[in-house]
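Student: Please read through the structure below; I'll follow up with questions.
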Protein chains: 2
Amino acid sequence: MPRQVDHDGRRAAIAEAVSAIAAERGFAEVTIRAVAARAGASTSAVTHYVSGRDELVRTAVRRALDVQRGRLEAETHGREPGEALRAVVRWSVLGAGERAHRLWLAIVVGARSEPVVRAELDAFNRWWDALLRRLVHALDPAPADPGSVVDALDVVISGLVMVAFEETEPWSRARRERAVDALLAPLGL
Amino acid sequence: MPRQVDHDGRRAAIAEAVSAIAAERGFAEVTIRAVAARAGASTSAVTHYVSGRDELVRTAVRRALDVQRGRLEAETHGREPGEALRAVVRWSVLGAGERAHRLWLAIVVGARSEPVVRAELDAFNRWWDALLRRLVHALDPAPADPGSVVDALDVVISGLVMVAFEETEPWSRARRERAVDALLAPLGL
């Protein structure tokens, strides 16, 4: 009987290795050789699944962002708009975790020099923007200027992710929760 | 007569080359060779002024952050606390410019792997934190929870810098101004 190869498992391990290297050291360090070493595979085992480095990066970034998208969809599902928006902010800032935040920063930085990363980030941003717009427009009472509520939410979420990288001492969970509450209250959330 | 060497000018050109490379491609790309090429100098002309790569990076980061500090001191000088805080936010978000924001992002990312960058960022953050605390505590009326106002200002400023990198289309100046105003108003600013 031929040896069974768990192709899905291998694809997942390769994508995981790409995300780990990118989160720790940035996309410039993501090479087929480095990914193979990280995944405990040969370079030919990696290239068996992808046509080259671009596809390697595209697949891994898409997979990682799809995980976030799935979580955000689960967090908002069946909730009324205000609750759903609070859940989006709380998941993005407090739930996703440090590894996801590091990968997000790597994606944002990588998008500047890698068109493949840029394309995946843009696709995610279009989905994200549509999600926030839909929820903000469904708020009751409706905000006077929905666009500026969406912008404020973007700023608050990005800011809370970014300050964690700027400071020597990461903010405690309690401190981030206080900041979330303080910044959302004036938005009526 | 011996040729006159403008040492200050050369130091400035070398620091400028470090900042330019870091802002465009990150600190990992800052090598003595790359800096010399960028500054139009030989590698020995670069090493004449610094003991090695660490001092090269330290000097350039300190110089760049000192420029920001000087500008922020000028923006706040002689203003009453509320006006001074608004000026800090407006300078950081709207005045400093894209190149300074790119360098800031590079410093934040670089601080994770380069202790020299980390030390300069920490020193700047201590100064920044003291500035914000002093101004927030001097507000009249005093906020009920000054610490959370400082945190909220940090989140708003970092968020407005970060969203510019996340989005495909950078926000217009008018859009960033609206977001600044909308987020500062609930803080009593």
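Order determines the names: the first chain of the structure tokens is A, the second B, and so forth; residues in each chain are numbered 1 upward, and ligands are numbered 1 upward as they are shown.
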Should the cut-off be 7 Å, what would the residue list for chain A against chain B look like, counting only C-alpha atoms, as an MDAnalysis selection string?
Tutor: chainID A and resid 108 122 148 151:152 155:156 158:160 162:163 165:166 168 179 183 186
Student: Once you have the residues from the selection above, write them out as a PDB file, in the first residue's frame, restricted to C-alpha atoms.
Tutor:
ATOM      1  CA  VAL A 108       0.751  46.093   6.644  1.00  0.00           C
ATOM      2  CA  ASP A 122      -6.897  45.117   0.050  1.00  0.00           C
ATOM      3  CA  SER A 148     -17.208  59.242  10.549  1.00  0.00           C
ATOM      4  CA  ASP A 151     -13.520  55.999  10.511  1.00  0.00           C
ATOM      5  CA  ALA A 152     -13.443  56.440  14.299  1.00  0.00           C
ATOM      6  CA  VAL A 155      -8.738  54.538  14.229  1.00  0.00           C
ATOM      7  CA  VAL A 156      -9.570  53.108  17.653  1.00  0.00           C
ATOM      8  CA  SER A 158      -5.690  50.284  14.717  1.00  0.00           C
ATOM      9  CA  GLY A 159      -4.499  52.499  17.544  1.00  0.00           C
ATOM     10  CA  LEU A 160      -5.054  49.855  20.194  1.00  0.00           C
ATOM     11  CA  MET A 162      -0.328  49.719  17.382  1.00  0.00           C
ATOM     12  CA  VAL A 163       0.276  51.013  20.927  1.00  0.00           C
ATOM     13  CA  PHE A 165       4.102  47.539  19.679  1.00  0.00           C
ATOM     14  CA  GLU A 166       5.215  51.042  20.594  1.00  0.00           C
ATOM     15  CA  THR A 168       8.150  48.769  26.218  1.00  0.00           C
ATOM     16  CA  ALA A 179      -9.448  52.296  26.713  1.00  0.00           C
ATOM     17  CA  LEU A 183     -13.302  55.388  23.260  1.00  0.00           C
ATOM     18  CA  PRO A 186     -18.822  58.629  22.820  1.00  0.00           C
TER      19      PRO A 186
END
Student: List the spatial neighbours of Ala36 of chain A as a PDB file with N, CA and C atoms, in the first residue's frame - criterion: any atom at most 12 Å away, only C-alpha atoms, same-chain residues fewer than 2 positions off excluded.
Tutor:
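Okay, part08.pdb is ready:
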ATOM      1  N   ARG A  10      -0.131  19.029   5.298  1.00  0.00           N
ATOM      2  CA  ARG A  10       1.129  19.637   4.829  1.00  0.00           C
ATOM      3  C   ARG A  10       0.929  21.070   4.381  1.00  0.00           C
ATOM      4  N   ARG A  11      -0.183  21.299   3.652  1.00  0.00           N
ATOM      5  CA  ARG A  11      -0.477  22.670   3.228  1.00  0.00           C
ATOM      6  C   ARG A  11      -0.627  23.588   4.454  1.00  0.00           C
ATOM      7  N   ALA A  13       0.671  23.151   7.431  1.00  0.00           N
ATOM      8  CA  ALA A  13       1.959  23.324   8.111  1.00  0.00           C
ATOM      9  C   ALA A  13       2.834  24.342   7.373  1.00  0.00           C
ATOM     10  N   ILE A  14       2.753  24.318   6.040  1.00  0.00           N
ATOM     11  CA  ILE A  14       3.545  25.263   5.246  1.00  0.00           C
ATOM     12  C   ILE A  14       3.021  26.690   5.451  1.00  0.00           C
ATOM     13  N   ALA A  15       1.697  26.850   5.385  1.00  0.00           N
ATOM     14  CA  ALA A  15       1.108  28.178   5.593  1.00  0.00           C
ATOM     15  C   ALA A  15       1.440  28.693   6.996  1.00  0.00           C
ATOM     16  N   GLU A  16       1.370  27.793   7.956  1.00  0.00           N
ATOM     17  CA  GLU A  16       1.690  28.144   9.340  1.00  0.00           C
ATOM     18  C   GLU A  16       3.144  28.614   9.463  1.00  0.00           C
ATOM     19  N   ALA A  17       4.039  27.953   8.753  1.00  0.00           N
ATOM     20  CA  ALA A  17       5.454  28.343   8.794  1.00  0.00           C
ATOM     21  C   ALA A  17       5.658  29.729   8.186  1.00  0.00           C
ATOM     22  N   VAL A  18       4.955  30.007   7.082  1.00  0.00           N
ATOM     23  CA  VAL A  18       5.046  31.340   6.460  1.00  0.00           C
ATOM     24  C   VAL A  18       4.582  32.402   7.459  1.00  0.00           C
ATOM     25  N   ILE A  21       7.104  32.940  10.398  1.00  0.00           N
ATOM     26  CA  ILE A  21       8.310  33.698  10.020  1.00  0.00           C
ATOM     27  C   ILE A  21       7.955  35.167   9.790  1.00  0.00           C
ATOM     28  N   VAL A  30      10.696  35.638   4.474  1.00  0.00           N
ATOM     29  CA  VAL A  30       9.960  34.450   4.021  1.00  0.00           C
ATOM     30  C   VAL A  30      10.541  33.976   2.687  1.00  0.00           C
ATOM     31  N   THR A  31      11.368  32.951   2.741  1.00  0.00           N
ATOM     32  CA  THR A  31      11.908  32.328   1.527  1.00  0.00           C
ATOM     33  C   THR A  31      11.451  30.868   1.541  1.00  0.00           C
ATOM     34  N   ILE A  32      11.465  30.245   0.371  1.00  0.00           N
ATOM     35  CA  ILE A  32      11.065  28.835   0.309  1.00  0.00           C
ATOM     36  C   ILE A  32      11.971  28.002   1.214  1.00  0.00           C
ATOM     37  N   ARG A  33      13.265  28.329   1.229  1.00  0.00           N
ATOM     38  CA  ARG A  33      14.208  27.607   2.078  1.00  0.00           C
ATOM     39  C   ARG A  33      13.867  27.762   3.570  1.00  0.00           C
ATOM     40  N   ALA A  34      13.594  29.016   3.984  1.00  0.00           N
ATOM     41  CA  ALA A  34      13.294  29.270   5.406  1.00  0.00           C
ATOM     42  C   ALA A  34      11.982  28.597   5.816  1.00  0.00           C
ATOM     43  N   ARG A  38      11.449  25.688   8.615  1.00  0.00           N
ATOM     44  CA  ARG A  38      10.516  25.909   9.708  1.00  0.00           C
ATOM     45  C   ARG A  38       9.454  24.813   9.786  1.00  0.00           C
ATOM     46  N   ALA A  39       9.015  24.337   8.608  1.00  0.00           N
ATOM     47  CA  ALA A  39       7.964  23.314   8.564  1.00  0.00           C
ATOM     48  C   ALA A  39       8.537  21.911   8.691  1.00  0.00           C
ATOM     49  N   GLY A  40       9.866  21.803   8.782  1.00  0.00           N
ATOM     50  CA  GLY A  40      10.487  20.478   8.871  1.00  0.00           C
ATOM     51  C   GLY A  40      10.315  19.680   7.594  1.00  0.00           C
ATOM     52  N   ALA A  41      10.375  20.369   6.454  1.00  0.00           N
ATOM     53  CA  ALA A  41      10.186  19.706   5.157  1.00  0.00           C
ATOM     54  C   ALA A  41      11.342  20.074   4.224  1.00  0.00           C
ATOM     55  N   SER A  42      11.411  19.409   3.091  1.00  0.00           N
ATOM     56  CA  SER A  42      12.410  19.769   2.083  1.00  0.00           C
ATOM     57  C   SER A  42      11.850  20.906   1.227  1.00  0.00           C
ATOM     58  N   THR A  43      12.727  21.625   0.529  1.00  0.00           N
ATOM     59  CA  THR A  43      12.240  22.706  -0.331  1.00  0.00           C
ATOM     60  C   THR A  43      11.359  22.131  -1.444  1.00  0.00           C
ATOM     61  N   SER A  44      11.669  20.933  -1.912  1.00  0.00           N
ATOM     62  CA  SER A  44      10.828  20.366  -2.982  1.00  0.00           C
ATOM     63  C   SER A  44       9.459  19.949  -2.454  1.00  0.00           C
ATOM     64  N   ALA A  45       9.375  19.621  -1.170  1.00  0.00           N
ATOM     65  CA  ALA A  45       8.063  19.333  -0.577  1.00  0.00           C
ATOM     66  C   ALA A  45       7.227  20.615  -0.544  1.00  0.00           C
ATOM     67  N   VAL A  46       7.898  21.757  -0.330  1.00  0.00           N
ATOM     68  CA  VAL A  46       7.163  23.042  -0.336  1.00  0.00           C
ATOM     69  C   VAL A  46       6.726  23.387  -1.755  1.00  0.00           C
ATOM     70  N   THR A  47       7.655  23.286  -2.714  1.00  0.00           N
ATOM     71  CA  THR A  47       7.318  23.696  -4.090  1.00  0.00           C
ATOM     72  C   THR A  47       6.354  22.706  -4.757  1.00  0.00           C
ATOM     73  N   HIS A  48       6.165  21.551  -4.152  1.00  0.00           N
ATOM     74  CA  HIS A  48       5.146  20.616  -4.646  1.00  0.00           C
ATOM     75  C   HIS A  48       3.750  21.247  -4.557  1.00  0.00           C
ATOM     76  N   TYR A  49       3.553  22.105  -3.577  1.00  0.00           N
ATOM     77  CA  TYR A  49       2.217  22.670  -3.332  1.00  0.00           C
ATOM     78  C   TYR A  49       2.007  24.065  -3.918  1.00  0.00           C
ATOM     79  N   ARG A  53       7.405  31.515  -4.768  1.00  0.00           N
ATOM     80  CA  ARG A  53       7.289  32.279  -3.541  1.00  0.00           C
ATOM     81  C   ARG A  53       6.006  33.108  -3.484  1.00  0.00           C
ATOM     82  N   LEU A  56       3.200  30.994  -2.503  1.00  0.00           N
ATOM     83  CA  LEU A  56       3.425  30.592  -1.108  1.00  0.00           C
ATOM     84  C   LEU A  56       2.912  31.675  -0.148  1.00  0.00           C
TER      85      LEU A  56
END
Student: Quote the spacing between atom CA of Phe124 of chain B and atom CA of Leu85 of chain B in Å to one decimal place.
Tutor: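 Value for the atom CA of Phe124 of chain B-atom CA of Leu85 of chain B distance: 17.2 Å.
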Student: Could you give me, as a list in words, the residues within 12 Å of Ala142 of chain B, counting only C-alpha atoms and dropping anything in the same chain fewer than 6 positions from it?
Tutor: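 My reading of the contact set: Pro81, Gly82, Arg133, Arg134, Leu135, Val136, Val149, Leu187, Gly188 and Leu189 of chain B.
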Student: To one decimal place, how far is atom CA of Trp128 of chain A from atom CA of Arg62 of chain A in Å?
Tutor: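 One can read the atom CA of Trp128 of chain A to atom CA of Arg62 of chain A distance as 14.0 Å.
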Student: Could you tell me how far atom CA of Arg71 of chain A sits from atom CA of Ser51 of chain A, in Å to one decimal place?
Tutor: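 Atom-to-atom, atom CA of Ser51 of chain A and atom CA of Arg71 of chain A are spaced 29.2 Å apart.
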Student: Run DSSP on the backbone and tell me which residues of segment 1-187 of chain B come out as alpha helix (DSSP H); list them as JSON, numbers by chain.
Tutor: {"B": [7, 8, 9, 10, 11, 12, 13, 14, 15, 16, 17, 18, 19, 20, 21, 22, 23, 24, 25, 32, 33, 34, 35, 36, 37, 38, 39, 43, 44, 45, 46, 47, 53, 54, 55, 56, 57, 58, 59, 60, 61, 62, 63, 64, 65, 66, 67, 68, 69, 70, 71, 72, 73, 74, 75, 76, 81, 82, 83, 84, 85, 86, 87, 88, 89, 90, 98, 99, 100, 101, 102, 103, 104, 105, 106, 107, 108, 109, 110, 115, 116, 117, 118, 119, 120, 121, 122, 123, 124, 125, 126, 127, 128, 129, 130, 131, 132, 133, 134, 135, 136, 137, 146, 147, 148, 149, 150, 151, 152, 153, 154, 155, 156, 157, 158, 159, 160, 161, 162, 163, 164, 165, 166, 173, 174, 175, 176, 177, 178, 179, 180, 181, 182, 183, 184]}
Student: Closest to Val117 of chain A among A:Asp181, A:Asp6, A:Thr59, A:Pro143, using only C-alpha atoms?
Tutor: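 Counting only C-alpha atoms, the residue closest to Val117 of chain A is A:Thr59.
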Student: I need the residue nearest Ser19 of chain B from this list: B:His137, B:Arg99, B:Arg79, B:Arg86. Use only C-alpha atoms for the distance.
Tutor: B:Arg99
Student: Hey, which of B:Ala123, B:Val88, B:Leu132, B:Ala144 ends up closest to Arg58 of chain B? Count only C-alpha atoms.
Tutor: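 Of all the options, B:Ala123 lies closest to Arg58 of chain B.
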